[in-house]
Structure formats: C-alpha cells, structure tokens
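Printed here is work_10.cif (mmCIF, C-alpha atoms):
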```
data_entry
loop_
_atom_site.label_atom_id
_atom_site.label_comp_id
_atom_site.auth_asym_id
_atom_site.auth_seq_id
_atom_site.Cartn_x
_atom_site.Cartn_y
_atom_site.Cartn_z
CA MET A 228 121.02 88.95 30.73
CA SER A 229 119.81 91.81 32.92
CA VAL A 230 117.74 91.14 36.00
CA THR A 231 115.03 93.61 36.93
CA ALA A 232 114.22 94.39 40.53
CA PRO A 233 111.02 92.80 41.81
CA GLN A 234 108.02 95.07 41.97
CA LEU A 235 105.68 95.39 44.95
CA GLY A 236 102.93 93.60 43.07
CA ASP A 237 105.24 90.62 42.40
CA LEU A 238 105.80 89.99 46.11
CA PRO A 239 103.76 87.31 47.87
CA ILE A 240 100.63 88.58 49.51
CA THR A 241 101.86 87.42 52.90
CA GLN A 242 104.86 89.78 52.70
CA ALA A 243 102.82 92.88 51.90
CA ARG A 244 100.11 92.16 54.43
CA PRO A 245 100.40 94.19 57.68
CA ARG A 246 100.67 92.48 61.02
CA SER A 247 97.42 91.31 62.50
CA PHE A 248 95.66 93.29 65.18
CA LEU A 249 96.07 90.49 67.73
CA LYS A 250 99.80 90.31 67.09
CA ARG A 251 100.23 94.07 67.49
CA THR A 252 98.15 93.96 70.68
CA GLY A 253 100.27 91.13 72.06
CA ILE A 254 103.48 93.02 71.32
CA THR A 255 102.08 96.14 72.99
CA ILE A 256 101.09 94.19 76.12
CA TRP A 257 104.49 92.49 76.24
CA ASN A 258 106.32 95.83 75.95
CA PHE A 259 104.13 97.31 78.68
CA THR A 260 104.81 94.30 80.94
CA ARG A 261 108.55 94.47 80.32
CA ARG A 262 108.78 98.21 81.02
CA SER A 263 106.41 98.33 84.00
CA PRO A 264 106.02 94.89 85.60
CA LEU A 265 104.41 96.28 88.76
CA SER A 266 101.69 98.08 86.82
CA ALA A 267 101.18 94.99 84.67
CA PHE A 268 100.67 92.89 87.80
CA TRP A 269 98.02 95.30 89.10
CA GLY A 270 96.47 95.29 85.66
CA VAL A 271 96.06 91.52 86.00
CA VAL A 272 94.50 92.08 89.43
CA ALA A 273 92.08 94.63 87.93
CA LEU A 274 91.15 92.18 85.16
CA ALA A 275 90.60 89.45 87.77
CA ILE A 276 88.26 91.73 89.74
CA ILE A 277 86.33 92.51 86.55
CA GLY A 278 86.15 88.80 85.78
CA VAL A 279 84.78 88.05 89.25
CA ALA A 280 82.11 90.72 88.75
CA LEU A 281 81.08 89.31 85.37
CA ALA A 282 81.02 85.71 86.62
CA ALA A 283 79.27 86.50 89.92
CA PRO A 284 76.28 84.15 89.33
CA LEU A 285 78.70 81.28 88.66
CA ILE A 286 81.15 81.70 91.53
CA ALA A 287 79.01 83.13 94.34
CA PRO A 288 78.30 80.36 96.89
CA TYR A 289 74.83 81.71 97.78
CA GLU A 290 72.26 84.17 96.56
CA PRO A 291 73.19 87.63 97.87
CA LEU A 292 69.65 88.34 99.15
CA ARG A 293 69.00 84.92 100.65
CA SER A 294 68.62 84.99 104.44
CA ASP A 295 69.51 82.10 106.72
CA PHE A 296 67.96 82.83 110.12
CA ARG A 297 69.82 79.89 111.66
CA HIS A 298 73.16 81.59 111.00
CA MET A 299 72.68 85.27 111.74
CA THR A 300 75.79 87.39 112.46
CA LYS A 301 78.09 84.39 112.35
CA ALA A 302 81.86 84.74 112.11
CA PRO A 303 83.71 83.23 109.14
CA ALA A 304 83.50 79.44 109.14
CA ALA A 305 83.52 76.51 106.74
CA LEU A 306 79.87 77.05 105.77
CA HIS A 307 80.24 80.80 105.24
CA TRP A 308 83.83 81.76 104.47
CA PHE A 309 83.29 85.48 105.04
CA GLY A 310 80.64 85.08 107.72
CA THR A 311 77.05 86.34 107.61
CA ASP A 312 75.34 89.62 108.35
CA GLN A 313 72.64 90.44 110.90
CA ILE A 314 69.88 88.71 108.89
CA GLY A 315 71.92 85.70 107.79
CA ARG A 316 73.01 86.78 104.31
CA ASP A 317 76.34 85.39 103.11
CA THR A 318 79.00 88.12 103.14
CA LEU A 319 81.15 86.52 100.44
CA ALA A 320 78.23 86.39 98.01
CA ARG A 321 77.35 90.01 98.79
CA VAL A 322 80.96 91.16 98.27
CA ILE A 323 81.09 89.36 94.91
CA TYR A 324 77.77 90.79 93.74
CA GLY A 325 78.69 94.18 95.17
CA SER A 326 81.60 94.33 92.75
CA ARG A 327 79.13 94.30 89.86
CA ALA A 328 77.31 97.40 91.05
CA SER A 329 80.44 99.29 92.09
CA LEU A 330 82.35 98.58 88.88
CA ALA A 331 79.33 99.25 86.65
CA VAL A 332 78.80 102.64 88.28
CA ALA A 333 82.52 103.50 88.15
CA PHE A 334 82.97 102.54 84.48
CA GLY A 335 79.73 104.23 83.44
CA ALA A 336 80.48 107.44 85.32
CA VAL A 337 84.09 107.71 84.13
CA LEU A 338 83.17 106.94 80.52
CA LEU A 339 80.31 109.45 80.53
CA GLY A 340 82.00 112.23 82.48
CA THR A 341 85.48 111.98 80.95
CA THR A 342 84.12 111.73 77.40
CA PHE A 343 81.81 114.71 77.83
CA GLY A 344 84.58 116.72 79.48
CA ALA A 345 87.05 115.78 76.73
CA VAL A 346 84.66 116.86 73.95
CA TRP A 347 83.90 120.07 75.83
CA GLY A 348 87.60 120.77 76.34
CA LEU A 349 88.31 120.05 72.66
CA ALA A 350 85.70 122.57 71.51
CA SER A 351 86.68 125.11 74.17
CA GLY A 352 90.38 125.02 73.35
CA PHE A 353 89.87 125.02 69.59
CA PHE A 354 87.34 127.83 69.25
CA GLY A 355 88.54 129.98 72.16
CA GLY A 356 87.04 133.43 72.59
CA ARG A 357 83.85 133.97 74.52
CA PHE A 358 82.89 130.30 74.37
CA ASP A 359 86.15 129.32 76.04
CA LEU A 360 85.76 132.06 78.66
CA ILE A 361 82.25 130.98 79.64
CA SER A 362 83.25 127.31 79.61
CA GLN A 363 86.15 127.87 81.97
CA ARG A 364 84.00 129.82 84.41
CA ILE A 365 81.50 126.93 84.49
CA ILE A 366 84.34 124.48 85.12
CA ASP A 367 85.68 126.74 87.88
CA PHE A 368 82.24 126.65 89.48
CA LEU A 369 82.11 122.84 89.34
CA GLN A 370 85.62 122.52 90.78
CA SER A 371 84.80 124.87 93.66
CA PHE A 372 82.89 121.99 95.33
CA PRO A 373 84.58 118.88 96.74
CA ASP A 374 83.81 115.87 94.57
CA LEU A 375 81.92 113.96 97.25
CA ILE A 376 79.83 116.97 98.31
CA LEU A 377 78.88 117.76 94.70
CA ALA A 378 78.01 114.13 93.92
CA MET A 379 75.96 113.83 97.11
CA ALA A 380 74.02 117.03 96.36
CA ILE A 381 73.22 115.88 92.82
CA ALA A 382 72.22 112.39 93.96
CA MET A 383 69.92 113.80 96.66
CA ALA A 384 68.35 116.20 94.16
CA LEU A 385 67.72 113.56 91.50
CA GLY A 386 66.70 110.71 93.82
CA ALA A 387 68.26 107.35 94.62
CA GLY A 388 69.04 104.93 91.81
CA THR A 389 71.85 103.45 89.75
CA GLY A 390 71.44 105.93 86.90
CA THR A 391 71.36 108.84 89.32
CA VAL A 392 74.62 107.76 90.96
CA ILE A 393 76.30 107.39 87.54
CA VAL A 394 75.21 110.89 86.50
CA ALA A 395 76.22 112.40 89.85
CA ILE A 396 79.74 110.93 89.71
CA ALA A 397 80.08 111.70 85.99
CA ILE A 398 79.46 115.40 86.61
CA THR A 399 82.37 115.46 89.07
CA ARG A 400 84.67 114.01 86.35
CA ILE A 401 83.78 116.59 83.69
CA PRO A 402 86.11 119.42 84.87
CA PHE A 403 89.20 117.20 84.83
CA GLY A 404 88.61 116.00 81.28
CA GLY A 405 87.79 119.51 80.15
CA ARG A 406 90.89 121.09 81.69
CA ILE A 407 93.41 118.49 80.50
CA ILE A 408 92.12 118.11 76.95
CA ARG A 409 91.79 121.89 76.56
CA SER A 410 95.44 122.36 77.48
CA VAL A 411 96.44 119.72 74.92
CA VAL A 412 94.33 121.37 72.22
CA LEU A 413 95.78 124.82 72.95
CA SER A 414 99.28 123.49 72.33
CA LEU A 415 98.26 121.54 69.20
CA LYS A 416 96.18 124.05 67.27
CA GLN A 417 99.24 126.26 66.65
CA MET A 418 101.35 123.37 65.33
CA PRO A 419 102.57 123.58 61.70
CA PHE A 420 100.64 120.52 60.53
CA VAL A 421 97.36 122.04 61.77
CA GLU A 422 98.16 125.36 60.10
CA ALA A 423 99.03 123.52 56.90
CA ALA A 424 95.73 121.67 56.91
CA ARG A 425 93.90 124.93 57.57
CA GLY A 426 95.72 126.54 54.66
CA LEU A 427 94.61 123.70 52.38
CA GLY A 428 91.00 124.54 53.16
CA ALA A 429 90.17 121.97 55.87
CA SER A 430 87.04 122.81 57.84
CA ASN A 431 87.03 123.26 61.61
CA LEU A 432 85.27 119.92 62.07
CA ARG A 433 87.88 118.15 59.95
CA LEU A 434 90.71 119.84 61.79
CA MET A 435 89.34 118.73 65.14
CA ALA A 436 88.41 115.18 64.06
CA ARG A 437 91.38 114.28 61.86
CA HIS A 438 94.31 116.29 63.18
CA ILE A 439 93.72 117.22 66.84
CA LEU A 440 91.45 114.52 68.29
CA PRO A 441 93.88 111.60 67.64
CA GLN A 442 96.53 113.44 69.68
CA CYS A 443 94.11 113.60 72.63
CA ILE A 444 93.59 109.83 72.90
CA ALA A 445 96.61 109.22 75.15
CA PRO A 446 95.66 111.83 77.81
CA TYR A 447 92.06 110.62 77.60
CA LEU A 448 93.11 107.04 78.40
CA ILE A 449 95.27 108.28 81.27
CA LEU A 450 92.35 110.27 82.70
CA ALA A 451 89.96 107.32 82.37
CA THR A 452 92.19 104.77 84.11
CA THR A 453 93.27 107.07 86.94
CA HIS A 454 89.71 108.25 87.66
CA LEU A 455 88.26 104.75 88.03
CA GLY A 456 89.59 104.44 91.56
CA VAL A 457 88.20 107.86 92.51
CA ALA A 458 84.79 106.92 91.10
CA ILE A 459 84.74 103.69 93.13
CA ILE A 460 85.52 105.61 96.33
CA ILE A 461 82.79 108.18 95.63
CA GLU A 462 80.26 105.44 94.88
CA ALA A 463 81.13 103.61 98.10
CA SER A 464 80.91 106.87 100.05
CA LEU A 465 77.48 107.65 98.62
CA GLY A 466 76.29 104.15 99.51
CA PHE A 467 77.67 104.50 103.03
CA LEU A 468 75.87 107.84 103.47
CA GLY A 469 72.60 106.36 102.20
CA VAL A 470 72.28 108.40 98.99
CA GLY A 471 73.75 105.83 96.60
CA ILE A 472 72.24 102.69 95.11
CA PRO A 473 69.38 101.76 97.45
CA PRO A 474 69.11 98.38 99.20
CA PRO A 475 68.57 95.50 98.80
CA MET A 476 71.05 95.60 95.89
CA PRO A 477 74.43 94.91 97.52
CA THR A 478 77.21 97.43 97.05
CA TRP A 479 80.39 97.76 99.06
CA GLY A 480 79.29 101.12 100.42
CA ASN A 481 75.88 100.09 101.72
CA MET A 482 77.42 96.89 103.13
CA LEU A 483 79.62 99.08 105.34
CA ALA A 484 76.56 101.14 106.27
CA ASP A 485 74.66 97.97 107.23
CA ALA A 486 77.59 96.87 109.39
CA LEU A 487 77.57 100.22 111.21
CA ASN A 488 73.85 99.86 111.90
CA SER A 489 74.17 96.30 113.20
CA GLY A 490 75.25 97.36 116.69
CA LEU A 491 77.40 99.60 118.84
CA VAL A 492 80.49 97.59 117.84
CA PRO A 493 80.00 96.17 114.32
CA PRO A 494 81.28 92.63 113.66
CA TRP A 495 84.78 92.79 112.27
CA TRP A 496 84.08 90.62 109.22
CA LEU A 497 81.27 92.89 108.04
CA VAL A 498 83.76 95.79 107.93
CA LEU A 499 86.95 94.01 106.87
CA PHE A 500 85.87 92.24 103.69
CA PRO A 501 83.93 95.07 101.95
CA GLY A 502 86.64 97.52 103.00
CA ALA A 503 89.38 95.21 101.68
CA ALA A 504 87.50 94.88 98.38
CA ILE A 505 87.34 98.67 98.00
CA THR A 506 91.01 99.08 98.92
CA LEU A 507 92.25 96.35 96.58
CA THR A 508 90.16 97.57 93.63
CA VAL A 509 91.14 101.22 94.03
CA LEU A 510 94.82 100.28 94.46
CA ALA A 511 94.74 98.09 91.33
CA PHE A 512 93.20 100.75 89.09
CA ASN A 513 95.37 103.55 90.48
CA LEU A 514 98.64 101.68 89.93
CA LEU A 515 97.48 100.49 86.51
CA GLY A 516 96.70 104.11 85.65
CA ASP A 517 100.19 105.14 86.74
CA GLY A 518 101.67 102.54 84.40
CA VAL A 519 99.49 103.66 81.50
CA ARG A 520 100.53 107.28 82.14
CA ASP A 521 104.22 106.35 82.13
CA ALA A 522 103.82 104.31 78.95
CA LEU A 523 101.90 106.96 77.00
CA ASP A 524 103.86 110.01 78.19
CA PRO A 525 107.15 110.24 76.22
CA ARG A 526 108.73 112.32 78.99
CA LEU A 527 108.21 109.50 81.52
CA ARG A 528 108.90 106.56 79.20
CA GLY A 529 111.82 104.53 80.50
CA ALA A 530 111.80 106.14 83.95
CA LEU A 531 111.79 104.05 87.10
#
```
Using structure tokens, write down the structure from this file.
Amino acid sequence: MSVTAPQLGDLPITQARPRSFLKRTGITIWNFTRRSPLSAFWGVVALAIIGVALAAPLIAPYEPLRSDFRHMTKAPAALHWFGTDQIGRDTLARVIYGSRASLAVAFGAVLLGTTFGAVWGLASGFFGGRFDLISQRIIDFLQSFPDLILAMAIAMALGAGTGTVIVAIAITRIPFGGRIIRSVVLSLKQMPFVEAARGLGASNLRLMARHILPQCIAPYLILATTHLGVAIIIEASLGFLGVGIPPPMPTWGNMLADALNSGLVPPWWLVLFPGAAITLTVLAFNLLGDGVRDALDPRLRGAL
C-alpha cells in the first residue's frame, strides 16, 4: 500500500502558524543582549530613566513647585535627599519632574525632525534633478549654523514654550536625516530589484513606499537613537540660557540656571544632581545608539 506525503493543509494549525510577535521580539532582544551586553545595559538604564519620568507623580517625594521657607538652600539630608533650592523646593522632586520635560522635548524633536528629514531625503534622492539640487542647498544653509545657535535663534524668534523648543530642536535634526537617507536612496534606486519593479509598471510612489522605504528603516532608527542625546543637551542648553521652557516648569537646564543665579558660588547640590541627570541620560542614549548601529549595520555586526 502506497503512502502519500502529507500536504500543507493536513498539518496541524499550530505547525503552520508563524511565531508570535512577542516571541520574535524576545529573541531579538536576547540576540542584541548577547552580542552587545554593554549597550544592552545602557538600554536598561535608558528605560529606567523613561520609567522614572512616566511615574514622576508616584515616586517624587514632594511637589516640584512646593516651597518650604523653613528649609531654604539646605544641603542634602534625611528630609530632603538632594537638598533644597533658594526658595525651599525639593531638588530630588524637581530632578524627577525635570526628566519629563527634557525627555518629552527630546523625543518629540527627534521624531519630528528626523522623520521630516528622512522623507525629504527620500524624495530628494529618488527624484534628483533640480529638486535635489535646491534641497541640498537648503540643507547646506541649515548646516552652516551650529546646532545650538540655530535652535536658540529659532526659539527666540518664535517665543518661549514647549512647542517652540521642540520645533527649534527638530529643525536642527532635519539636515542629518536628509543627508543620510538621501545617500541610502541614491544607492538603492539603481539596484536590479528597483529597476525590475519599474519595468513592471510600478509607479514612483509604489517604488518609494514598497521597495526603497523599508531599506531606510535601519538608518532611520540609528539616527533617532543617536540624536536623542544631542537633543537633550540642546534642550538643557536652551533652558540654561533662558530661551527654553519657561519657569516654573522644572527642566534640568533651567535648574542649572537657577543655581547660577542663587549666589556668587552656587550650592554644589544644585549643580551636581541636575548635571548628573543630564550626563547619565545622554550617556545612556548615546551608548544604546552605538549598539543599535552595530546591530543594524552588517559591516559592524560581530565586531568588538
């Protein structure tokens, strides 16, 4: 008696079903941790900082704007672990709440600026010609200014506010996304699979959306993660210079500015803790971005 080979439809559903999204995500995280344990550690630190920002109302010991005139400019003690400022506000609470403003501005600016720059670079590299020429001259003009100077000029022109700071920092991120994605598109649009799709009658929009854009996701993620630290530094610098998010909302930058205005020699705790928060956050996102770059770039995969 002959035995026929089982068909795909005869197999149990569980065998034909693809792996779940959570399982694939877990495997990806495990592979990233195994290949780059240092970057994975700083990724955990970055996630912890984000968690502190989200849970600020639950973990902050005091209200960030509450003044205690009996404990003005007090050094760290059991009652106030990070000390108090010149009007008695708890420094720990202000550092925790300051993370919300700084991270919200950084994520918003990087998402807005990098996305706009990536779309601009995609169109510029794909269409070329006069549009590409004019686009590159505009990007050259934007890159002729230092990032902080350009962001400060835009923030001063538009007025103080959270939205203004996001827009000002986002504009400084546009040239980087435009340049990198354009270079990727220029190398992709001459590839055989793109020419084959064009020969089959695919429109320009379909070519960009279905064949070129997916290849730009990896450099986009690298740009986004590496630029978060730069955005945090620019936001803190704008707050320190007085053109960022206006008081009384606490940010790490305006906390440093308040410490400078508290006297000829500012109390050490008013400088140390906001500065340490900026340093730790920027270091975490920068090293996480390095790990993401190494994982997504085939030329660097497996390198020390």
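For the residues A:Phe372, A:Phe353, A:Tyr324, A:Tyr447, ranking by smallest atom-to-atom distance to Ile276 of chain A using all atoms listed in the file places A:Tyr324 first.
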Enumerate, as a list of chain:residue names, the residues matched when the PyMOL selection byres ((chain A and resi 374) around 12) is run on the file above. A:Leu369, A:Gln370, A:Ser371, A:Phe372, A:Pro373, A:Leu375, A:Ile376, A:Leu377, A:Ala378, A:Met379, A:Ala380, A:Ile381, A:Ala395, A:Ile396, A:Ala397, A:Ile398, A:Thr399, A:Arg400, A:Ile401, A:Pro402, A:Phe403, A:His454, A:Val457, A:Ala458, A:Ile460, A:Ile461, A:Glu462, A:Ser464, A:Leu465
Could you write out the selected residues, including C-alpha atoms, as a PDB file, in the frame of the given file?
```pdb
ATOM      1  CA  LEU A 369      82.110 122.840  89.340  1.00  0.00           C
ATOM      2  CA  GLN A 370      85.620 122.520  90.780  1.00  0.00           C
ATOM      3  CA  SER A 371      84.800 124.870  93.660  1.00  0.00           C
ATOM      4  CA  PHE A 372      82.890 121.990  95.330  1.00  0.00           C
ATOM      5  CA  PRO A 373      84.580 118.880  96.740  1.00  0.00           C
ATOM      6  CA  LEU A 375      81.920 113.960  97.250  1.00  0.00           C
ATOM      7  CA  ILE A 376      79.830 116.970  98.310  1.00  0.00           C
ATOM      8  CA  LEU A 377      78.880 117.760  94.700  1.00  0.00           C
ATOM      9  CA  ALA A 378      78.010 114.130  93.920  1.00  0.00           C
ATOM     10  CA  MET A 379      75.960 113.830  97.110  1.00  0.00           C
ATOM     11  CA  ALA A 380      74.020 117.030  96.360  1.00  0.00           C
ATOM     12  CA  ILE A 381      73.220 115.880  92.820  1.00  0.00           C
ATOM     13  CA  ALA A 395      76.220 112.400  89.850  1.00  0.00           C
ATOM     14  CA  ILE A 396      79.740 110.930  89.710  1.00  0.00           C
ATOM     15  CA  ALA A 397      80.080 111.700  85.990  1.00  0.00           C
ATOM     16  CA  ILE A 398      79.460 115.400  86.610  1.00  0.00           C
ATOM     17  CA  THR A 399      82.370 115.460  89.070  1.00  0.00           C
ATOM     18  CA  ARG A 400      84.670 114.010  86.350  1.00  0.00           C
ATOM     19  CA  ILE A 401      83.780 116.590  83.690  1.00  0.00           C
ATOM     20  CA  PRO A 402      86.110 119.420  84.870  1.00  0.00           C
ATOM     21  CA  PHE A 403      89.200 117.200  84.830  1.00  0.00           C
ATOM     22  CA  HIS A 454      89.710 108.250  87.660  1.00  0.00           C
ATOM     23  CA  VAL A 457      88.200 107.860  92.510  1.00  0.00           C
ATOM     24  CA  ALA A 458      84.790 106.920  91.100  1.00  0.00           C
ATOM     25  CA  ILE A 460      85.520 105.610  96.330  1.00  0.00           C
ATOM     26  CA  ILE A 461      82.790 108.180  95.630  1.00  0.00           C
ATOM     27  CA  GLU A 462      80.260 105.440  94.880  1.00  0.00           C
ATOM     28  CA  SER A 464      80.910 106.870 100.050  1.00  0.00           C
ATOM     29  CA  LEU A 465      77.480 107.650  98.620  1.00  0.00           C
TER      30      LEU A 465
END
```
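Across the model, the gap from atom CA of Val509 of chain A to atom CA of Leu330 of chain A is 10.5 Å.
Atom to atom, atom CA of Ala345 of chain A and atom CA of Ala522 of chain A stand 20.4 Å apart.
When the PyMOL selection byres ((chain A and resi 273) around 10) is evaluated against the file, it yields A:Ala267, A:Phe268, A:Trp269, A:Gly270, A:Val271, A:Val272, A:Leu274, A:Ala275, A:Ile276, A:Ile277, A:Gly278, A:Val279, A:Leu507, A:Thr508, A:Val509, A:Leu510, A:Ala511, A:Phe512, A:Asn513, A:Leu514, A:Leu515.
The space between atom CA of Leu349 of chain A and atom CA of Asp517 of chain A spans 23.7 Å.
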One residue among A:Ala424, A:Ile505, A:Ile439, A:Ala445 is nearest to Arg520 of chain A when using only C-alpha atoms, and that residue is A:Ala445
Hey, what's within 10 Å of segment 477-483 of chain A if we count only C-alpha atoms and toss same-chain stuff fewer than 3 positions away? As an MDAnalysis selection string, please? chainID A and resid 291:292 312 318 320:330 459:474 486:489 493 497:505
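Nearest to Ile366 of chain A of all the residues A:Ala384, A:Gly518, A:Ile407, A:Ala331 is A:Ile407, counting only C-alpha atoms.
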Which residue out of A:Ile365, A:Ala451, A:Ser351, A:Gly428 has the minimum interatomic distance to Arg409 of chain A when all atoms listed in the file are used? A:Ser351
How big is the axis-aligned box around all listed atoms of segment 518-524 of chain A once 5 Å goes on each side, and where's its centre, in Å to one decimal, as JSON?
```
{"center_x": 101.9, "center_y": 106.3, "center_z": 80.7, "size_x": 14.7, "size_y": 17.5, "size_z": 17.4}
```
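Across A:Leu455, A:Val519, A:Leu440, A:Leu285, the tightest approach to Thr260 of chain A is made by A:Val519 when counting only C-alpha atoms.
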